[in-house]
$ cat final24.cif   # mmCIF, C-alpha atoms
data_model
loop_
_atom_site.label_atom_id
_atom_site.label_comp_id
_atom_site.auth_asym_id
_atom_site.auth_seq_id
_atom_site.Cartn_x
_atom_site.Cartn_y
_atom_site.Cartn_z
CA MET A 1 0.00 0.00 0.00
CA THR A 2 1.41 3.41 -0.92
CA GLN A 3 1.92 6.15 1.60
CA ALA A 4 -0.94 8.17 0.07
CA THR A 5 -3.48 5.45 0.83
CA THR A 6 -2.47 5.37 4.50
CA THR A 7 -3.42 8.97 5.25
CA PRO A 8 -6.40 9.52 7.56
CA ALA A 9 -8.34 10.98 4.61
CA ALA A 10 -7.70 7.89 2.49
CA LYS A 11 -8.57 5.56 5.35
CA ALA A 12 -11.81 7.42 6.05
CA ALA A 13 -12.81 7.31 2.37
CA GLU A 14 -11.94 3.63 2.00
CA THR A 15 -13.81 2.68 5.17
CA PHE A 16 -16.83 4.73 4.09
CA HIS A 17 -16.94 2.87 0.77
CA ARG A 18 -16.64 -0.47 2.55
CA LEU A 19 -19.44 0.33 5.00
CA HIS A 20 -21.86 2.10 2.67
CA GLY A 21 -21.08 0.60 -0.72
CA ARG A 22 -20.43 3.97 -2.34
CA ALA A 23 -17.86 6.73 -2.31
CA PRO A 24 -18.41 9.58 0.17
CA HIS A 25 -19.65 12.95 -1.05
CA GLY A 26 -16.45 14.46 0.34
CA VAL A 27 -13.66 14.13 2.90
CA TRP A 28 -12.61 16.86 5.32
CA SER A 29 -9.80 16.78 7.87
CA ALA A 30 -8.39 18.84 10.72
CA PRO A 31 -5.08 18.66 12.59
CA GLY A 32 -4.10 18.37 16.20
CA ARG A 33 -2.02 21.18 17.58
CA VAL A 34 0.90 22.06 19.79
CA ASN A 35 0.63 25.26 21.76
CA LEU A 36 4.10 26.77 21.67
CA ILE A 37 3.25 29.10 24.55
CA GLY A 38 0.15 30.75 26.02
CA GLU A 39 -1.51 28.21 28.32
CA HIS A 40 -4.82 28.84 30.12
CA THR A 41 -4.89 32.34 28.65
CA ASP A 42 -7.58 31.72 26.04
CA TYR A 43 -10.54 31.69 28.43
CA ASN A 44 -9.10 34.81 30.05
CA ASP A 45 -9.37 36.79 26.78
CA GLY A 46 -5.60 36.63 26.35
CA TYR A 47 -2.98 35.61 23.81
CA VAL A 48 -2.00 32.20 22.45
CA LEU A 49 0.65 30.93 20.04
CA PRO A 50 -0.17 27.46 18.68
CA PHE A 51 0.83 25.63 15.51
CA ALA A 52 -0.84 22.71 13.76
CA LEU A 53 0.59 19.21 13.75
CA PRO A 54 0.83 16.97 10.67
CA HIS A 55 -1.37 14.48 12.56
CA ARG A 56 -4.99 14.77 11.42
CA THR A 57 -8.51 13.48 11.92
CA ALA A 58 -10.52 12.97 8.73
CA VAL A 59 -14.26 12.67 8.19
CA ALA A 60 -15.70 11.06 5.07
CA ALA A 61 -19.29 12.21 4.72
CA SER A 62 -22.42 11.97 2.62
CA PRO A 63 -25.85 13.54 3.15
CA ARG A 64 -28.95 11.66 4.21
CA ALA A 65 -32.59 12.56 3.73
CA ASP A 66 -34.09 11.11 6.92
CA GLY A 67 -32.68 13.57 9.46
CA VAL A 68 -30.43 10.96 11.09
CA LEU A 69 -26.78 11.37 12.06
CA ALA A 70 -24.96 8.04 11.69
CA VAL A 71 -21.33 8.03 12.79
CA SER A 72 -18.68 5.31 12.60
CA THR A 73 -15.02 5.49 13.56
CA LEU A 74 -12.03 3.45 12.42
CA GLY A 75 -9.83 2.32 15.30
CA ASP A 76 -6.07 1.92 15.32
CA ASP A 77 -6.58 -1.85 15.17
CA GLY A 78 -8.63 -1.61 11.98
CA GLY A 79 -11.90 -2.29 13.76
CA VAL A 80 -14.91 -0.05 13.28
CA GLN A 81 -17.11 1.31 16.06
CA HIS A 82 -20.62 2.51 15.29
CA ALA A 83 -22.44 5.10 17.35
CA ALA A 84 -26.16 4.68 17.81
CA PRO A 85 -27.89 6.64 15.01
CA VAL A 86 -29.69 9.70 16.31
CA ALA A 87 -32.05 12.22 14.77
CA VAL A 88 -30.36 15.61 14.53
CA ALA A 89 -33.61 17.21 15.70
CA ASP A 90 -33.44 15.16 18.91
CA LEU A 91 -29.89 16.05 19.89
CA ALA A 92 -29.62 17.65 23.33
CA PRO A 93 -26.76 18.27 25.78
CA ARG A 94 -25.55 15.31 27.86
CA THR A 95 -27.69 12.83 25.90
CA ILE A 96 -24.70 11.06 24.28
CA ARG A 97 -21.73 9.60 26.13
CA GLY A 98 -18.24 8.68 25.02
CA TRP A 99 -16.59 9.56 21.72
CA ALA A 100 -19.92 9.92 19.90
CA ALA A 101 -20.71 13.02 21.97
CA TYR A 102 -18.16 15.03 20.00
CA PRO A 103 -19.67 14.71 16.50
CA GLY A 104 -23.14 14.79 18.01
CA GLY A 105 -22.32 18.01 19.83
CA VAL A 106 -21.10 19.67 16.65
CA ALA A 107 -24.30 18.77 14.80
CA TRP A 108 -26.30 20.12 17.74
CA ALA A 109 -24.32 23.40 17.85
CA LEU A 110 -24.74 23.96 14.11
CA ARG A 111 -28.45 23.18 14.38
CA GLU A 112 -28.79 25.64 17.27
CA GLN A 113 -27.07 28.23 15.10
CA GLY A 114 -29.89 27.82 12.59
CA LEU A 115 -27.71 26.18 9.96
CA PRO A 116 -29.22 23.60 7.56
CA VAL A 117 -27.81 20.38 9.01
CA THR A 118 -31.05 18.70 10.05
CA ALA A 119 -31.24 16.51 6.91
CA GLY A 120 -28.70 14.23 8.59
CA ALA A 121 -25.48 12.64 7.39
CA ASP A 122 -23.41 9.48 7.27
CA LEU A 123 -19.96 10.14 8.77
CA VAL A 124 -16.92 7.87 8.91
CA ILE A 125 -13.95 9.03 11.00
CA ALA A 126 -10.28 8.06 10.84
CA GLY A 127 -7.29 9.79 12.34
CA ASP A 128 -3.80 9.65 13.75
CA VAL A 129 -3.82 12.45 16.34
CA PRO A 130 -2.67 10.80 19.60
CA ALA A 131 -5.67 10.64 21.93
CA GLY A 132 -5.32 11.83 25.51
CA ALA A 133 -1.95 13.42 24.78
CA GLY A 134 -2.98 17.05 25.21
CA LEU A 135 -2.59 17.57 21.47
CA SER A 136 -6.23 18.43 20.85
CA SER A 137 -7.48 15.18 19.34
CA SER A 138 -11.06 15.99 20.35
CA HIS A 139 -10.96 19.38 18.67
CA ALA A 140 -9.44 17.93 15.52
CA LEU A 141 -12.42 15.57 15.40
CA GLU A 142 -14.93 18.33 16.07
CA CYS A 143 -13.45 20.74 13.54
CA ALA A 144 -13.38 18.05 10.83
CA VAL A 145 -17.01 17.16 11.58
CA ALA A 146 -18.00 20.84 11.48
CA LEU A 147 -16.38 21.34 8.07
CA ALA A 148 -17.97 18.12 6.79
CA LEU A 149 -21.49 19.06 7.91
CA LEU A 150 -21.11 22.61 6.60
CA GLY A 151 -19.72 21.26 3.33
CA LEU A 152 -22.63 18.87 2.88
CA ALA A 153 -25.02 21.76 3.54
CA ASP A 154 -23.10 23.98 1.08
CA VAL A 155 -22.59 26.58 3.81
CA THR A 156 -19.56 28.86 3.77
CA ALA A 157 -18.55 30.29 7.15
CA GLU A 158 -15.64 32.24 8.57
CA ARG A 159 -13.13 30.17 10.51
CA PRO A 160 -13.46 32.22 13.75
CA ASP A 161 -17.22 31.60 13.68
CA ILE A 162 -16.71 27.86 13.19
CA ALA A 163 -14.28 27.85 16.10
CA ARG A 164 -16.88 29.44 18.37
CA TRP A 165 -19.55 26.94 17.30
CA VAL A 166 -17.19 24.07 18.01
CA GLN A 167 -16.35 25.60 21.37
CA ARG A 168 -20.04 25.77 22.20
CA SER A 169 -20.48 22.12 21.29
CA GLU A 170 -17.75 21.11 23.70
CA ASN A 171 -18.76 23.50 26.49
CA ASP A 172 -22.52 23.01 26.39
CA PHE A 173 -23.05 19.60 24.82
CA VAL A 174 -20.05 17.53 25.94
CA GLY A 175 -19.62 19.43 29.20
CA ALA A 176 -15.93 20.36 28.92
CA PRO A 177 -15.23 24.03 29.84
CA THR A 178 -12.56 24.59 27.19
CA GLY A 179 -11.53 27.89 25.64
CA VAL A 180 -11.20 28.66 21.94
CA LEU A 181 -7.45 28.08 21.45
CA ASP A 182 -7.58 24.52 20.13
CA GLN A 183 -10.40 25.02 17.65
CA THR A 184 -8.80 28.18 16.28
CA ALA A 185 -5.44 26.47 15.84
CA SER A 186 -6.94 23.46 14.10
CA LEU A 187 -8.94 25.60 11.72
CA SER A 188 -6.60 28.50 11.01
CA CYS A 189 -2.93 27.49 11.22
CA ILE A 190 -0.73 27.30 8.13
CA GLU A 191 2.51 25.50 7.30
CA ALA A 192 5.82 26.75 8.73
CA HIS A 193 4.10 29.28 10.97
CA ALA A 194 2.74 29.68 14.48
CA LEU A 195 -0.58 31.48 14.91
CA PHE A 196 -0.43 34.52 17.18
CA TYR A 197 -4.05 34.91 18.20
CA ASP A 198 -5.70 37.57 20.33
CA VAL A 199 -8.73 35.80 21.75
CA ARG A 200 -10.58 38.97 22.71
CA SER A 201 -10.31 40.84 19.42
CA GLY A 202 -10.12 37.81 17.13
CA LYS A 203 -7.10 39.33 15.42
CA SER A 204 -4.47 36.88 14.27
CA GLU A 205 -1.01 36.93 12.76
CA GLN A 206 0.84 34.09 11.08
CA VAL A 207 4.34 34.29 12.56
CA ALA A 208 7.14 32.50 10.71
CA PHE A 209 8.32 29.50 12.72
CA ASP A 210 10.84 27.40 10.81
CA ALA A 211 12.80 25.69 13.55
CA ALA A 212 14.74 23.52 11.11
CA ALA A 213 16.17 26.58 9.37
CA SER A 214 17.66 27.58 12.73
CA GLY A 215 19.07 24.13 13.38
CA LEU A 216 16.36 23.43 15.93
CA GLU A 217 13.30 21.26 16.35
CA VAL A 218 10.30 21.07 18.63
CA LEU A 219 10.32 17.66 20.28
CA VAL A 220 6.94 16.48 21.57
CA ILE A 221 7.03 14.16 24.57
CA ASP A 222 3.69 12.37 24.96
CA THR A 223 3.92 11.23 28.57
CA ARG A 224 0.93 8.89 28.18
CA ALA A 225 -0.30 10.15 31.54
CA SER A 226 -4.08 10.45 31.67
CA HIS A 227 -5.47 13.75 30.43
CA SER A 228 -9.04 15.05 30.36
CA HIS A 229 -10.77 18.41 30.42
CA VAL A 230 -14.04 16.88 31.57
CA ASP A 231 -13.11 17.00 35.23
CA GLY A 232 -13.12 19.44 38.13
CA GLY A 233 -9.50 20.60 37.92
CA TYR A 234 -9.76 22.57 34.70
CA GLY A 235 -13.18 23.99 35.52
CA ALA A 236 -12.13 25.02 39.04
CA ARG A 237 -9.23 27.05 37.71
CA ARG A 238 -11.37 28.71 35.10
CA ALA A 239 -13.94 29.62 37.75
CA GLY A 240 -11.14 30.97 39.96
CA CYS A 241 -9.94 33.23 37.16
CA GLU A 242 -13.44 34.57 36.61
CA ARG A 243 -13.83 35.21 40.34
CA ALA A 244 -10.50 37.05 40.46
CA ALA A 245 -11.45 39.24 37.49
CA GLY A 246 -14.67 40.14 39.27
CA ILE A 247 -12.83 41.14 42.43
CA LEU A 248 -10.40 43.24 40.42
CA GLY A 249 -13.25 44.88 38.51
CA VAL A 250 -11.99 43.94 35.04
CA PRO A 251 -13.79 42.04 32.25
CA ALA A 252 -11.06 39.37 32.21
CA LEU A 253 -7.55 38.80 33.54
CA ARG A 254 -6.26 39.89 30.14
CA ASP A 255 -6.92 43.43 31.37
CA VAL A 256 -4.32 43.21 34.14
CA ASP A 257 -1.03 44.49 32.68
CA ILE A 258 2.25 42.97 33.82
CA THR A 259 3.20 46.35 35.34
CA GLU A 260 0.04 46.24 37.49
CA LEU A 261 0.45 42.68 38.71
CA ASP A 262 1.88 43.32 42.17
CA GLU A 263 -0.82 45.87 42.95
CA ALA A 264 -3.52 43.48 41.73
CA LEU A 265 -2.25 40.54 43.77
CA VAL A 266 -2.54 42.36 47.12
CA ARG A 267 -6.25 42.93 46.40
CA LEU A 268 -6.96 39.22 46.04
CA PRO A 269 -7.48 36.41 48.52
CA GLU A 270 -4.43 34.18 48.86
CA GLU A 271 -5.93 31.22 46.96
CA LEU A 272 -6.50 33.29 43.80
CA ARG A 273 -3.12 35.01 43.60
CA PRO A 274 -1.23 32.13 41.92
CA LEU A 275 -3.87 31.82 39.19
CA VAL A 276 -3.70 35.51 38.39
CA ARG A 277 0.08 35.59 38.53
CA HIS A 278 0.25 32.78 35.98
CA VAL A 279 -2.22 34.28 33.52
CA VAL A 280 -0.71 37.76 33.60
CA THR A 281 2.88 36.58 33.27
CA GLU A 282 1.94 34.02 30.62
CA ASN A 283 0.34 36.68 28.44
CA ASP A 284 3.55 38.68 28.78
CA ARG A 285 5.60 35.64 27.81
CA VAL A 286 3.52 35.17 24.67
CA LEU A 287 4.10 38.77 23.61
CA ARG A 288 7.84 38.48 24.26
CA THR A 289 8.02 35.20 22.34
CA VAL A 290 6.25 36.73 19.34
CA ASP A 291 8.64 39.69 19.37
CA LEU A 292 11.61 37.30 19.26
CA LEU A 293 10.12 35.26 16.43
CA ARG A 294 9.37 38.37 14.38
CA ALA A 295 13.02 39.34 14.79
CA GLY A 296 14.19 35.90 13.65
CA ARG A 297 15.63 35.09 17.09
CA LEU A 298 13.96 31.72 17.47
CA ALA A 299 16.78 30.18 19.52
CA GLU A 300 16.21 32.78 22.24
CA ILE A 301 12.66 31.72 23.15
CA GLY A 302 13.85 28.73 25.20
CA PRO A 303 13.96 30.50 28.60
CA LEU A 304 10.41 31.77 28.06
CA LEU A 305 9.19 28.22 27.44
CA SER A 306 10.88 27.02 30.62
CA ALA A 307 9.50 29.92 32.64
CA SER A 308 6.04 29.04 31.36
CA HIS A 309 6.39 25.52 32.72
CA VAL A 310 7.50 26.75 36.14
CA SER A 311 4.46 29.00 36.26
CA LEU A 312 2.10 26.23 35.17
CA ASP A 313 3.60 23.90 37.75
CA GLU A 314 3.98 26.17 40.76
CA ASP A 315 1.23 28.75 40.26
CA TYR A 316 -1.45 27.13 38.12
CA ARG A 317 -0.74 23.65 39.50
CA VAL A 318 -1.65 21.73 36.35
CA SER A 319 1.56 19.81 35.86
CA CYS A 320 2.26 16.27 37.09
CA LEU A 321 5.22 14.00 37.75
CA GLU A 322 5.48 12.77 34.17
CA LEU A 323 5.44 16.28 32.71
CA ASP A 324 8.00 17.53 35.22
CA VAL A 325 10.30 14.59 34.49
CA ALA A 326 10.03 15.20 30.74
CA VAL A 327 10.86 18.89 31.11
CA GLU A 328 13.71 18.42 33.57
CA ALA A 329 15.34 15.56 31.65
CA SER A 330 15.16 17.33 28.28
CA ARG A 331 16.66 20.55 29.65
CA ALA A 332 19.45 18.69 31.42
CA ALA A 333 20.33 16.95 28.15
CA GLY A 334 20.63 20.14 26.13
CA ALA A 335 17.15 21.44 25.27
CA LEU A 336 17.10 25.24 25.10
CA GLY A 337 13.76 25.29 26.87
CA ALA A 338 10.84 22.99 27.68
CA ARG A 339 7.32 23.14 29.01
CA MET A 340 4.12 21.21 29.32
CA THR A 341 1.64 21.99 26.54
CA GLY A 342 -2.13 21.80 26.60
CA GLY A 343 -4.48 21.89 29.56
CA GLY A 344 -2.25 19.82 31.81
CA PHE A 345 -3.00 17.08 34.35
CA GLY A 346 -1.06 14.79 32.00
CA GLY A 347 -0.65 14.88 28.24
CA SER A 348 2.47 16.17 26.52
CA ALA A 349 5.50 18.36 27.00
CA ILE A 350 7.52 20.11 24.30
CA ALA A 351 11.22 20.85 24.17
CA LEU A 352 13.12 23.23 21.89
CA VAL A 353 16.11 21.13 20.92
CA PRO A 354 19.20 21.74 18.76
CA VAL A 355 19.05 19.11 16.03
CA GLU A 356 22.42 17.69 17.04
CA ARG A 357 21.10 17.12 20.59
CA HIS A 358 18.00 15.20 19.49
CA ASN A 359 19.32 11.74 20.28
CA ALA A 360 20.79 12.82 23.60
CA VAL A 361 17.55 14.49 24.71
CA GLU A 362 15.41 11.56 23.62
CA ARG A 363 17.67 9.10 25.39
CA ALA A 364 17.71 11.20 28.57
CA VAL A 365 13.92 11.38 28.67
CA LEU A 366 13.53 7.63 28.19
CA VAL A 367 16.10 6.88 30.88
CA ALA A 368 14.46 9.31 33.31
CA PHE A 369 11.04 7.73 32.80
CA ALA A 370 12.42 4.21 33.20
CA ALA A 371 14.28 5.19 36.38
CA ARG A 372 10.97 6.20 37.94
CA SER A 373 9.08 3.17 36.59
CA LEU A 374 6.88 5.44 34.47
CA VAL A 375 5.18 4.30 31.26
CA ARG A 376 7.49 4.73 28.30
CA PRO A 377 6.66 8.05 26.59
CA ARG A 378 6.16 8.58 22.89
CA LEU A 379 8.46 11.15 21.28
CA PHE A 380 8.27 12.81 17.87
CA THR A 381 9.32 16.01 16.16
CA ALA A 382 6.49 18.49 15.58
CA VAL A 383 6.55 20.32 12.25
CA PRO A 384 4.16 23.30 11.82
CA SER A 385 1.55 22.12 9.32
CA ALA A 386 -1.58 23.15 7.48
CA GLY A 387 -4.91 23.72 9.18
CA ALA A 388 -8.27 22.11 8.46
CA GLY A 389 -9.76 21.78 5.01
CA GLN A 390 -11.38 19.57 2.40
CA ASP A 391 -9.21 16.72 1.15
CA ARG A 392 -11.40 15.48 -1.70
#

$ encode --input "final24.cif" --output "structure tokens"
Amino acid sequence: MTQATTTPAAKAAETFHRLHGRAPHGVWSAPGRVNLIGEHTDYNDGYVLPFALPHRTAVAASPRADGVLAVSTLGDDGGVQHAAPVAVADLAPRTIRGWAAYPGGVAWALREQGLPVTAGADLVIAGDVPAGAGLSSSHALECAVALALLGLADVTAERPDIARWVQRSENDFVGAPTGVLDQTASLSCIEAHALFYDVRSGKSEQVAFDAAASGLEVLVIDTRASHSHVDGGYGARRAGCERAAGILGVPALRDVDITELDEALVRLPEELRPLVRHVVTENDRVLRTVDLLRAGRLAEIGPLLSASHVSLDEDYRVSCLELDVAVEASRAAGALGARMTGGGFGGSAIALVPVERHNAVERAVLVAFAARSLVRPRLFTAVPSAGAGQDR
């Protein structure tokens, strides 16, 4: 089998034909993402700097006429799982559990937006975004489903609008209080660039990010530690940020400038100070990172990445043993900087590594995990890739 036929888009199309006896009307796909820096700032109206991964989730789709959404997914083992068919008109929050809630939630959100998706659809999903790794596999799935359903309905929409609809599906249908970072990255990133995105204004800038040209690479370390946004930890921190903004009398923590941080902290109860300190300093780190990238000084962003991890660990308290081990081992072996990426509580870390230190860093991480009897991590180099779109 050629490499082309092993892509998620090809697998989704082939599986659709096998299940339904006909070719799909179209295939759409969306990537996972790495957030270079800017963690837990999106739901505080702040700044983020993600880039898309080459790993994608594809959806082969055809319209139906009976109002039913029928979804199947191809597993890594080649087996196919089928969700219970459901009428789009009957979709309601918390009525679907497990993986099927994600495509169902997207259909619900589009329906609630008044878009013509109630005719139903057959969807077949295939992908290679690592699940549970903090690399936005759920959002890759949701964004691909959104593009597929909009494509079948012949609806053209702006990417920021689609991102908000997908966010609503996850917040209100699935029950995960996520921000808009992941959806925006999956939909809007382009090759060889990181996306500097201002969540409040919706303004974005594609910032050149060609690590290889600087003799560097971004090494992703999937710790394989459990990771989920549908739990109390993420939601509690988001609620704490909202409470702090209320006490400070600002619309969001984005409105607290780094020069005003010390004054703001003394006005807050002790338990909220670390959350605010992280968000305000993280926004500042994003802005400083973007300035360095614009100036072509990519190798100098390492200390900002490392400072981000310290803040996420000590102030926001969303790191874990596996993430800390990955960061510490990679830095000790020659990484210029390293940090956890994603929501935390597990998932992945990233390290900015000189190409000639790749083997040493990888070996050091594996040895460090083995020494602590941790599950062997998965490591790969992340190359900024294209965002979501139609494959065929």

$ atom_distance --input "final24.cif" --atom1 "CA of Val276 (chain A)" --atom2 "CA of Ala252 (chain A)"
10.4 Å

$ closest_atom_pairs --input "final24.cif" --of "region 136-225 of chain A" --to "region 1-25 of chain A" --cutoff "12 Å" --atoms "all atoms listed in the file" --output "Markdown table"
| residue | atom | partner | partner_atom | distance |
| --- | --- | --- | --- | --- |
| A:Ala140 | CA | A:Pro8 | CA | 12.0 |
| A:Leu141 | CA | A:Pro8 | CA | 11.6 |
| A:Ala144 | CA | A:Ala9 | CA | 10.7 |
| A:Ala148 | CA | A:His25 | CA | 9.5 |
| A:Leu149 | CA | A:His25 | CA | 11.0 |
| A:Gly151 | CA | A:His25 | CA | 9.4 |
| A:Leu152 | CA | A:His25 | CA | 7.7 |
| A:Ala153 | CA | A:His25 | CA | 11.3 |
| A:Asp154 | CA | A:His25 | CA | 11.8 |

$ residues_around --input "final24.cif" --residues "Glu300 (chain A)" --least-positions-apart "5" --cutoff "12 Å" --atoms "all atoms listed in the file" --output "list in words"
Ala211, Ser214, Leu216, Arg288, Thr289, Val290, Asp291, Leu292, Leu293, Arg294, Ala295, Leu305, Ser306, Ala335, Leu336, Gly337, Leu352, Val353 and Pro354 of chain A

$ closest_residue --input "final24.cif" --among "A:Ala61, A:Gly387, A:Ile350, A:Val174" --to "Thr95 (chain A)" --atoms "all atoms listed in the file"
A:Val174

$ atom_distance --input "final24.cif" --atom1 "CA of Ala332 (chain A)" --atom2 "CA of Val367 (chain A)"
12.3 Å

$ atom_distance --input "final24.cif" --atom1 "CA of Val48 (chain A)" --atom2 "CA of Arg168 (chain A)"
19.2 Å

$ resolve_selection --input "final24.cif" --expression "the PyMOL selection byres ((chain A and resi 368-372) around 12)" --output "PyMOL selection string"
chain A and resi 221-225+321-330+332-333+361-367+373-378

$ write_last_selection --input "final24.cif" --atoms "C-alpha atoms" --output "PDB file, in the frame of the given file"
ATOM      1  CA  ILE A 221       7.030  14.160  24.570  1.00  0.00           C
ATOM      2  CA  ASP A 222       3.690  12.370  24.960  1.00  0.00           C
ATOM      3  CA  THR A 223       3.920  11.230  28.570  1.00  0.00           C
ATOM      4  CA  ARG A 224       0.930   8.890  28.180  1.00  0.00           C
ATOM      5  CA  ALA A 225      -0.300  10.150  31.540  1.00  0.00           C
ATOM      6  CA  LEU A 321       5.220  14.000  37.750  1.00  0.00           C
ATOM      7  CA  GLU A 322       5.480  12.770  34.170  1.00  0.00           C
ATOM      8  CA  LEU A 323       5.440  16.280  32.710  1.00  0.00           C
ATOM      9  CA  ASP A 324       8.000  17.530  35.220  1.00  0.00           C
ATOM     10  CA  VAL A 325      10.300  14.590  34.490  1.00  0.00           C
ATOM     11  CA  ALA A 326      10.030  15.200  30.740  1.00  0.00           C
ATOM     12  CA  VAL A 327      10.860  18.890  31.110  1.00  0.00           C
ATOM     13  CA  GLU A 328      13.710  18.420  33.570  1.00  0.00           C
ATOM     14  CA  ALA A 329      15.340  15.560  31.650  1.00  0.00           C
ATOM     15  CA  SER A 330      15.160  17.330  28.280  1.00  0.00           C
ATOM     16  CA  ALA A 332      19.450  18.690  31.420  1.00  0.00           C
ATOM     17  CA  ALA A 333      20.330  16.950  28.150  1.00  0.00           C
ATOM     18  CA  VAL A 361      17.550  14.490  24.710  1.00  0.00           C
ATOM     19  CA  GLU A 362      15.410  11.560  23.620  1.00  0.00           C
ATOM     20  CA  ARG A 363      17.670   9.100  25.390  1.00  0.00           C
ATOM     21  CA  ALA A 364      17.710  11.200  28.570  1.00  0.00           C
ATOM     22  CA  VAL A 365      13.920  11.380  28.670  1.00  0.00           C
ATOM     23  CA  LEU A 366      13.530   7.630  28.190  1.00  0.00           C
ATOM     24  CA  VAL A 367      16.100   6.880  30.880  1.00  0.00           C
ATOM     25  CA  SER A 373       9.080   3.170  36.590  1.00  0.00           C
ATOM     26  CA  LEU A 374       6.880   5.440  34.470  1.00  0.00           C
ATOM     27  CA  VAL A 375       5.180   4.300  31.260  1.00  0.00           C
ATOM     28  CA  ARG A 376       7.490   4.730  28.300  1.00  0.00           C
ATOM     29  CA  PRO A 377       6.660   8.050  26.590  1.00  0.00           C
ATOM     30  CA  ARG A 378       6.160   8.580  22.890  1.00  0.00           C
TER      31      ARG A 378
END

$ resolve_selection --input "final24.cif" --expression "the PyMOL selection byres ((chain A and resi 33-37) around 8)" --output "MDAnalysis selection string"
chainID A and resid 31:32 38:39 48:53 135:136 182 185:186 194 282 285:286 305 308 341:342 350 382

$ write_last_selection --input "final24.cif" --atoms "C-alpha atoms" --output "PDB file, in the frame of the given file"
ATOM      1  CA  PRO A  31      -5.080  18.660  12.590  1.00  0.00           C
ATOM      2  CA  GLY A  32      -4.100  18.370  16.200  1.00  0.00           C
ATOM      3  CA  GLY A  38       0.150  30.750  26.020  1.00  0.00           C
ATOM      4  CA  GLU A  39      -1.510  28.210  28.320  1.00  0.00           C
ATOM      5  CA  VAL A  48      -2.000  32.200  22.450  1.00  0.00           C
ATOM      6  CA  LEU A  49       0.650  30.930  20.040  1.00  0.00           C
ATOM      7  CA  PRO A  50      -0.170  27.460  18.680  1.00  0.00           C
ATOM      8  CA  PHE A  51       0.830  25.630  15.510  1.00  0.00           C
ATOM      9  CA  ALA A  52      -0.840  22.710  13.760  1.00  0.00           C
ATOM     10  CA  LEU A  53       0.590  19.210  13.750  1.00  0.00           C
ATOM     11  CA  LEU A 135      -2.590  17.570  21.470  1.00  0.00           C
ATOM     12  CA  SER A 136      -6.230  18.430  20.850  1.00  0.00           C
ATOM     13  CA  ASP A 182      -7.580  24.520  20.130  1.00  0.00           C
ATOM     14  CA  ALA A 185      -5.440  26.470  15.840  1.00  0.00           C
ATOM     15  CA  SER A 186      -6.940  23.460  14.100  1.00  0.00           C
ATOM     16  CA  ALA A 194       2.740  29.680  14.480  1.00  0.00           C
ATOM     17  CA  GLU A 282       1.940  34.020  30.620  1.00  0.00           C
ATOM     18  CA  ARG A 285       5.600  35.640  27.810  1.00  0.00           C
ATOM     19  CA  VAL A 286       3.520  35.170  24.670  1.00  0.00           C
ATOM     20  CA  LEU A 305       9.190  28.220  27.440  1.00  0.00           C
ATOM     21  CA  SER A 308       6.040  29.040  31.360  1.00  0.00           C
ATOM     22  CA  THR A 341       1.640  21.990  26.540  1.00  0.00           C
ATOM     23  CA  GLY A 342      -2.130  21.800  26.600  1.00  0.00           C
ATOM     24  CA  ILE A 350       7.520  20.110  24.300  1.00  0.00           C
ATOM     25  CA  ALA A 382       6.490  18.490  15.580  1.00  0.00           C
TER      26      ALA A 382
END

$ residues_near_point --input "final24.cif" --point "(-6.6, 31.6, 10.3)" --cutoff "7 Å" --atoms "all atoms listed in the file" --output "VMD selection string"
chain A and resid 159 187 to 189 204

$ resolve_selection --input "final24.cif" --expression "the PyMOL selection byres ((chain A and resi 80) around 12)" --output "tab-separated table (two decimals) with C-alpha atoms, keeping the file's coordinate frame"
chain	number	residue	atom	x	y	z
A	11	LYS	CA	-8.57	5.56	5.35
A	12	ALA	CA	-11.81	7.42	6.05
A	15	THR	CA	-13.81	2.68	5.17
A	16	PHE	CA	-16.83	4.73	4.09
A	18	ARG	CA	-16.64	-0.47	2.55
A	19	LEU	CA	-19.44	0.33	5.00
A	71	VAL	CA	-21.33	8.03	12.79
A	72	SER	CA	-18.68	5.31	12.60
A	73	THR	CA	-15.02	5.49	13.56
A	74	LEU	CA	-12.03	3.45	12.42
A	75	GLY	CA	-9.83	2.32	15.30
A	76	ASP	CA	-6.07	1.92	15.32
A	77	ASP	CA	-6.58	-1.85	15.17
A	78	GLY	CA	-8.63	-1.61	11.98
A	79	GLY	CA	-11.90	-2.29	13.76
A	81	GLN	CA	-17.11	1.31	16.06
A	82	HIS	CA	-20.62	2.51	15.29
A	83	ALA	CA	-22.44	5.10	17.35
A	124	VAL	CA	-16.92	7.87	8.91
A	125	ILE	CA	-13.95	9.03	11.00
A	126	ALA	CA	-10.28	8.06	10.84

$ closest_residue --input "final24.cif" --among "A:His193, A:Arg339, A:Arg111, A:Arg392" --to "Ile301 (chain A)" --atoms "only C-alpha atoms"
A:Arg339

$ residues_around --input "final24.cif" --residues "Gln113 (chain A)" --least-positions-apart "2" --cutoff "12 Å" --atoms "all atoms listed in the file" --output "list in words"
Val106, Ala107, Trp108, Ala109, Leu110, Arg111, Leu115, Pro116, Val117, Thr118, Leu150, Ala157, Asp161, Ile162, Arg164, Trp165, Val166, Arg168 and Ser169 of chain A

$ residues_around --input "final24.cif" --residues "Ser319 (chain A)" --least-positions-apart "6" --cutoff "6 Å" --atoms "all atoms listed in the file" --output "ChimeraX atom specification"
/A:313,344-345

$ closest_residue --input "final24.cif" --among "A:Gly302, A:Gly26, A:Gly235, A:Pro54" --to "Val129 (chain A)" --atoms "only C-alpha atoms"
A:Pro54

$ closest_residue --input "final24.cif" --among "A:Pro63, A:Pro384, A:Gly179, A:Pro274" --to "Leu123 (chain A)" --atoms "only C-alpha atoms"
A:Pro63
